[in-house]
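Pasting upload-v9.cif here (mmCIF, C-alpha atoms and all ligand atoms):
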data_work
loop_
_atom_site.label_atom_id
_atom_site.label_comp_id
_atom_site.auth_asym_id
_atom_site.auth_seq_id
_atom_site.Cartn_x
_atom_site.Cartn_y
_atom_site.Cartn_z
CA MET A 1 -18.47 -9.92 12.74
CA LEU A 2 -17.06 -11.60 9.70
CA LEU A 3 -18.21 -10.20 6.41
CA GLN A 4 -17.55 -12.09 3.25
CA SER A 5 -18.07 -11.36 -0.39
CA GLU A 6 -17.66 -13.75 -3.22
CA LEU A 7 -17.02 -12.78 -6.79
CA GLN A 8 -17.82 -15.30 -9.50
CA ILE A 9 -16.30 -14.91 -12.94
CA GLU A 10 -17.17 -17.26 -15.77
CA PRO A 11 -15.58 -17.16 -19.20
CA ARG A 12 -18.04 -16.92 -22.10
CA TYR A 13 -15.97 -19.25 -24.26
CA PRO A 14 -13.70 -22.18 -23.45
CA LEU A 15 -10.24 -20.98 -22.59
CA PHE A 16 -7.90 -22.88 -24.84
CA GLY A 17 -4.53 -21.31 -25.37
CA GLY A 18 -4.66 -18.72 -22.66
CA TRP A 19 -6.71 -15.73 -21.74
CA LYS A 20 -5.60 -12.62 -23.58
CA ALA A 21 -7.62 -10.15 -21.61
CA THR A 22 -6.60 -7.62 -19.01
CA PHE A 23 -8.88 -6.87 -16.12
CA VAL A 24 -8.55 -5.30 -12.72
CA ILE A 25 -10.30 -6.35 -9.55
CA VAL A 26 -10.13 -3.87 -6.69
CA TYR A 27 -11.40 -4.38 -3.18
CA GLY A 28 -10.87 -2.87 0.23
CA LEU A 29 -10.23 -4.66 3.49
CA PRO A 30 -10.27 -3.37 7.08
CA LEU A 31 -6.66 -2.78 8.08
CA GLN A 32 -7.14 -3.81 11.71
CA ASP A 33 -7.52 -7.45 10.63
CA PHE A 34 -4.12 -7.50 8.94
CA LEU A 35 -1.88 -4.95 10.62
CA PHE A 36 -0.45 -5.72 14.05
CA GLU A 37 2.17 -4.51 16.47
CA SER A 38 5.03 -6.87 17.28
CA SER A 39 6.74 -7.16 20.65
CA ASP A 40 9.81 -5.13 19.57
CA ASP A 41 7.73 -2.00 18.83
CA LYS A 42 7.55 -2.71 15.14
CA ARG A 43 4.45 -3.02 13.06
CA TYR A 44 3.71 -5.87 10.74
CA LEU A 45 1.30 -6.84 8.05
CA ASN A 46 0.14 -10.45 8.11
CA PHE A 47 -1.52 -11.43 4.88
CA THR A 48 -2.18 -14.43 2.66
CA PHE A 49 0.52 -15.04 0.10
CA GLY A 50 -1.21 -15.86 -3.12
CA CYS A 51 -3.78 -14.95 -5.67
CA PRO A 52 -7.28 -14.11 -4.37
CA LEU A 53 -8.79 -16.15 -7.21
CA ILE A 54 -9.28 -19.71 -6.03
CA GLY A 55 -7.52 -22.55 -7.80
CA MET A 56 -5.35 -20.41 -10.05
CA VAL A 57 -1.86 -21.43 -11.07
CA VAL A 58 0.13 -18.25 -11.58
CA ASP A 59 3.13 -17.94 -13.92
CA LYS A 60 4.45 -14.90 -12.13
CA LEU A 61 2.95 -13.56 -8.96
CA THR A 62 3.93 -10.08 -7.79
CA ILE A 63 2.83 -8.78 -4.42
CA LYS A 64 3.52 -5.13 -3.58
CA VAL A 65 3.18 -3.82 -0.05
CA VAL A 66 3.16 -0.03 0.11
CA LEU A 67 4.30 1.11 3.54
CA PRO A 68 3.24 4.45 4.99
CA GLU A 69 5.52 7.40 4.39
CA GLY A 70 8.25 7.63 7.00
CA SER A 71 8.51 3.93 7.75
CA THR A 72 11.95 2.35 7.99
CA ASP A 73 13.65 -1.08 8.11
CA PRO A 74 11.14 -3.06 6.06
CA SER A 75 11.74 -6.80 6.28
CA PRO A 76 9.51 -9.38 4.62
CA VAL A 77 9.11 -12.84 6.15
CA VAL A 78 7.90 -15.42 3.64
CA PRO A 79 7.79 -19.19 4.44
CA PHE A 80 9.42 -20.13 1.12
CA PRO A 81 12.07 -18.55 -1.11
CA VAL A 82 10.88 -15.53 -3.09
CA GLU A 83 12.67 -12.73 -4.86
CA HIS A 84 12.24 -9.41 -3.21
CA HIS A 85 13.34 -5.83 -3.70
CA LEU A 86 12.32 -2.36 -2.64
CA GLU A 87 10.82 0.42 -4.71
CA ALA A 88 9.75 3.96 -3.97
CA LYS A 89 6.30 5.32 -4.70
CA TYR A 90 5.20 8.93 -4.62
CA SER A 91 1.58 9.88 -4.21
CA SER A 92 0.06 13.29 -3.61
CA LEU A 93 1.58 15.26 -0.73
CA ASP A 94 4.44 12.82 -0.27
CA VAL A 95 7.76 14.40 0.57
CA VAL A 96 10.15 11.49 0.97
CA GLY A 97 8.07 8.86 -0.87
CA ARG A 98 6.73 5.55 0.33
CA THR A 99 8.72 2.36 0.49
CA VAL A 100 7.20 -0.45 -1.53
CA VAL A 101 8.19 -4.02 -0.71
CA VAL A 102 7.92 -6.09 -3.89
CA LEU A 103 7.73 -9.89 -3.59
CA GLU A 104 7.93 -12.01 -6.71
CA LYS A 105 7.32 -15.71 -7.12
CA LYS A 106 7.47 -17.59 -10.39
CA ASN A 107 5.19 -20.59 -11.06
CA PHE A 108 3.09 -20.12 -7.98
CA VAL A 109 0.86 -23.01 -7.02
CA PRO A 110 -1.75 -22.25 -4.36
CA MET A 111 -0.90 -23.74 -1.00
CA HIS A 112 -2.87 -24.29 2.15
CA ASN A 113 -3.07 -21.01 4.00
CA SER A 114 0.42 -19.61 3.59
CA HIS A 115 0.82 -16.26 5.25
CA PHE A 116 3.62 -13.75 4.91
CA GLN A 117 4.58 -10.83 7.07
CA VAL A 118 6.20 -7.50 6.35
CA TYR A 119 7.74 -5.93 9.46
CA TYR A 120 8.60 -2.23 9.57
CA SER A 121 9.25 0.60 11.99
CA PHE A 122 7.01 3.62 11.96
CA LYS A 123 7.08 6.69 14.17
CA PRO A 124 3.53 8.00 14.77
CA ILE A 125 4.85 11.58 14.45
CA PHE A 126 4.97 10.99 10.69
CA MET A 127 1.17 10.81 10.68
CA LEU A 128 1.18 14.54 11.39
CA ALA A 129 3.58 15.40 8.57
CA GLU A 130 1.00 15.91 5.84
CA SER A 131 -1.44 17.86 7.98
CA LEU A 132 1.37 20.07 9.33
CA MET A 133 2.55 20.68 5.79
CA LEU A 134 -0.94 21.71 4.66
CA ALA A 135 -1.49 23.86 7.76
CA SER A 136 1.79 25.72 7.24
CA ALA A 137 1.07 26.20 3.52
CA PHE A 138 -2.32 27.80 4.34
CA PHE A 139 -0.72 29.86 7.09
CA MET A 140 1.86 31.22 4.60
CA LEU A 141 -0.93 31.97 2.12
CA PHE A 142 -2.91 33.96 4.71
CA VAL A 143 0.23 35.78 5.89
CA ALA A 144 0.90 36.69 2.26
CA CYS A 145 -2.71 37.95 1.86
CA VAL A 146 -2.51 40.02 5.05
CA ALA A 147 0.80 41.48 3.95
CA TYR A 148 -0.60 42.26 0.48
CA ILE A 149 -3.61 44.09 1.94
CA HIS A 150 -1.50 46.16 4.32
CA ILE A 151 1.32 47.12 2.01
CA ASP A 152 0.66 50.43 0.31
CA LEU A 153 2.03 50.19 -3.21
CA SER A 154 0.66 53.49 -4.48
CA VAL A 155 3.10 56.03 -5.90
CA ARG A 156 3.13 59.35 -4.05
CA LYS A 157 4.21 62.71 -5.22
C1 LIG B 201 -0.89 -14.62 10.49
O1 LIG B 201 -2.26 -14.94 10.35
C2 LIG B 201 -2.55 -16.33 10.37
C3 LIG B 201 -4.03 -16.53 10.10
O2 LIG B 201 -4.80 -15.64 10.81
C4 LIG B 201 -2.13 -16.91 11.71
O3 LIG B 201 -2.37 -18.29 11.72
C5 LIG B 201 -0.64 -16.63 11.93
O4 LIG B 201 -0.26 -17.06 13.22
C6 LIG B 201 -0.35 -15.14 11.80
N1 LIG B 201 1.09 -14.93 11.88
C7 LIG B 201 1.65 -13.99 12.64
C8 LIG B 201 3.13 -13.92 12.64
O5 LIG B 201 0.98 -13.22 13.31
#

For the structure just supplied, provide its representation as structure tokens.
Ligand SMILES: *[C@@H]1O[C@H](CO)[C@@H](O)[C@H](O)[C@H]1NC(C)=O
Amino acid sequence: MLLQSELQIEPRYPLFGGWKATFVIVYGLPLQDFLFESSDDKRYLNFTFGCPLIGMVVDKLTIKVVLPEGSTDPSPVVPFPVEHHLEAKYSSLDVVGRTVVVLEKKNFVPMHNSHFQVYYSFKPIFMLAESLMLASAFFMLFVACVAYIHIDLSVRK
């Protein structure tokens, strides 16, 4: 089933001389439509390169792909030259941080259906890391409580 939503934005005044307003549009997409497994046991994201607003010419387009914690060897594949570099991002419960692949393109003109891919390796064991960390933290807490209850700290004559 293909679900589609369309967002229409209309300026209240004519836009001469640029649009000096900042706004954020956030939306979620089902990952199974964009994340695949390649033949060499890697995973890859296949996504449209461009701005989700139709017919926009973009002075500087930045696309950031945040990979799951524990992934290695990120390699972007883009059908035209772009600048790219890696960043690290830490969110709650992260130990080693997440790799962020940053793609930058200046003067981007929308093209017919250009897709890019980001390939990376990911060991499924890393999916357990956060839950194991929480489980061991609670275990330590309970061990500490049990120890506290059983230790007799009273002073005797
Ligand atoms: C990426 O997705 C597009 C559109 O669905 C498809 O045409 C293209 O073959 C895909 N590329 C890869 C490498 O899977």

Self-check item: Sel. within 10 Å of pt (14.8, -8.8, -8.5), counting all atoms listed in the file, output as a ChimeraX atom specification
Solution: /A:82-86,102-104

Practice problem: Kindly provide, as a list in words, all nucleotide and amino acid residues lying within 7 Å of ligand LIG 201 (chain B), counting all atoms listed in the file. | Solution: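 Selection of residues at most 7 Å from ligand LIG 201 (chain B): Asn46, Phe47, His115 and Gln117 of chain A.
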
Interface rows for region 51-95 of chain A against region 40-45 of chain A: nearest pair, Å to one decimal, 10 Å, all atoms listed in the file, as a tab-separated table:
residue	atom	partner	partner_atom	distance
A:Val65	CA	A:Leu45	CA	8.8
A:Leu67	CA	A:Leu45	CA	9.6
A:Ser71	CA	A:Arg43	CA	9.6
A:Thr72	CA	A:Lys42	CA	9.8
A:Asp73	CA	A:Lys42	CA	9.4
A:Pro74	CA	A:Tyr44	CA	9.2
A:Ser75	CA	A:Tyr44	CA	9.2
A:Pro76	CA	A:Tyr44	CA	9.1
A:Val77	CA	A:Tyr44	CA	9.9

Practice problem: Fewer than 5 positions away in the same chain doesn't count, so skip those; otherwise give me all residues within 8 Å of region 54-60 of chain A, counting all atoms listed in the file, as a list in words. | Solution: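 In the requested form, the answer reads Glu104, Lys105, Lys106, Asn107, Phe108, Val109 and Pro110 of chain A.
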
Quiz item: Could you work out how far CA of Met133 (chain A) lies from CA of Lys89 (chain A), giving the answer in Å with one decimal?
Solution: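 Spanning CA of Lys89 (chain A) to CA of Met133 (chain A) is a straight-line distance of 19.0 Å.
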
Quiz item: Quick one: distance from CA of Leu61 (chain A) to CA of Leu35 (chain A) in Å, one decimal?
Solution: 21.9 Å

Exercise. Find, counting all atoms listed in the file, the residue in A:Ser39, A:Gln32, A:Ser121, A:Ser114 that gets nearest to Glu69 (chain A).
Key: A:Ser121

Practice problem: Figure out the distance between CA of Val143 (chain A) and CA of Val155 (chain A), please, to one decimal in Å. | Solution: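 Between CA of Val155 (chain A) and CA of Val143 (chain A) the gap is 23.6 Å.
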
Self-check item: Proximity to Val78 (chain A) - best of A:Leu31, A:Val118, A:Ile9, A:Met111, only C-alpha atoms
Solution: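 The shortest atom-to-atom distance to Val78 (chain A) comes from A:Val118.
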
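Using all atoms listed in the file, the contacts of Asp94 (chain A) at a cut-off of 10 Å, with sequence neighbours closer than 2 positions omitted, comprise Pro68, Glu69, Gly70, Lys89, Tyr90, Ser91, Ser92, Val96, Gly97, Arg98, Ala129 and Glu130 of chain A.
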
Writer output for current selection, C-alpha atoms, as an mmCIF file, in the frame of the given file:
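Final output, saved to again.cif:
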data_model
loop_
_atom_site.group_PDB
_atom_site.id
_atom_site.type_symbol
_atom_site.label_atom_id
_atom_site.label_comp_id
_atom_site.auth_asym_id
_atom_site.auth_seq_id
_atom_site.Cartn_x
_atom_site.Cartn_y
_atom_site.Cartn_z
ATOM 1 C CA PRO A 68 3.240 4.450 4.990
ATOM 2 C CA GLU A 69 5.520 7.400 4.390
ATOM 3 C CA GLY A 70 8.250 7.630 7.000
ATOM 4 C CA LYS A 89 6.300 5.320 -4.700
ATOM 5 C CA TYR A 90 5.200 8.930 -4.620
ATOM 6 C CA SER A 91 1.580 9.880 -4.210
ATOM 7 C CA SER A 92 0.060 13.290 -3.610
ATOM 8 C CA VAL A 96 10.150 11.490 0.970
ATOM 9 C CA GLY A 97 8.070 8.860 -0.870
ATOM 10 C CA ARG A 98 6.730 5.550 0.330
ATOM 11 C CA ALA A 129 3.580 15.400 8.570
ATOM 12 C CA GLU A 130 1.000 15.910 5.840
#

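If only C-alpha atoms are the atoms counted, then among A:Ile151, A:Pro81, A:Pro14, A:Phe116 the closest residue to Thr48 (chain A) is A:Phe116.
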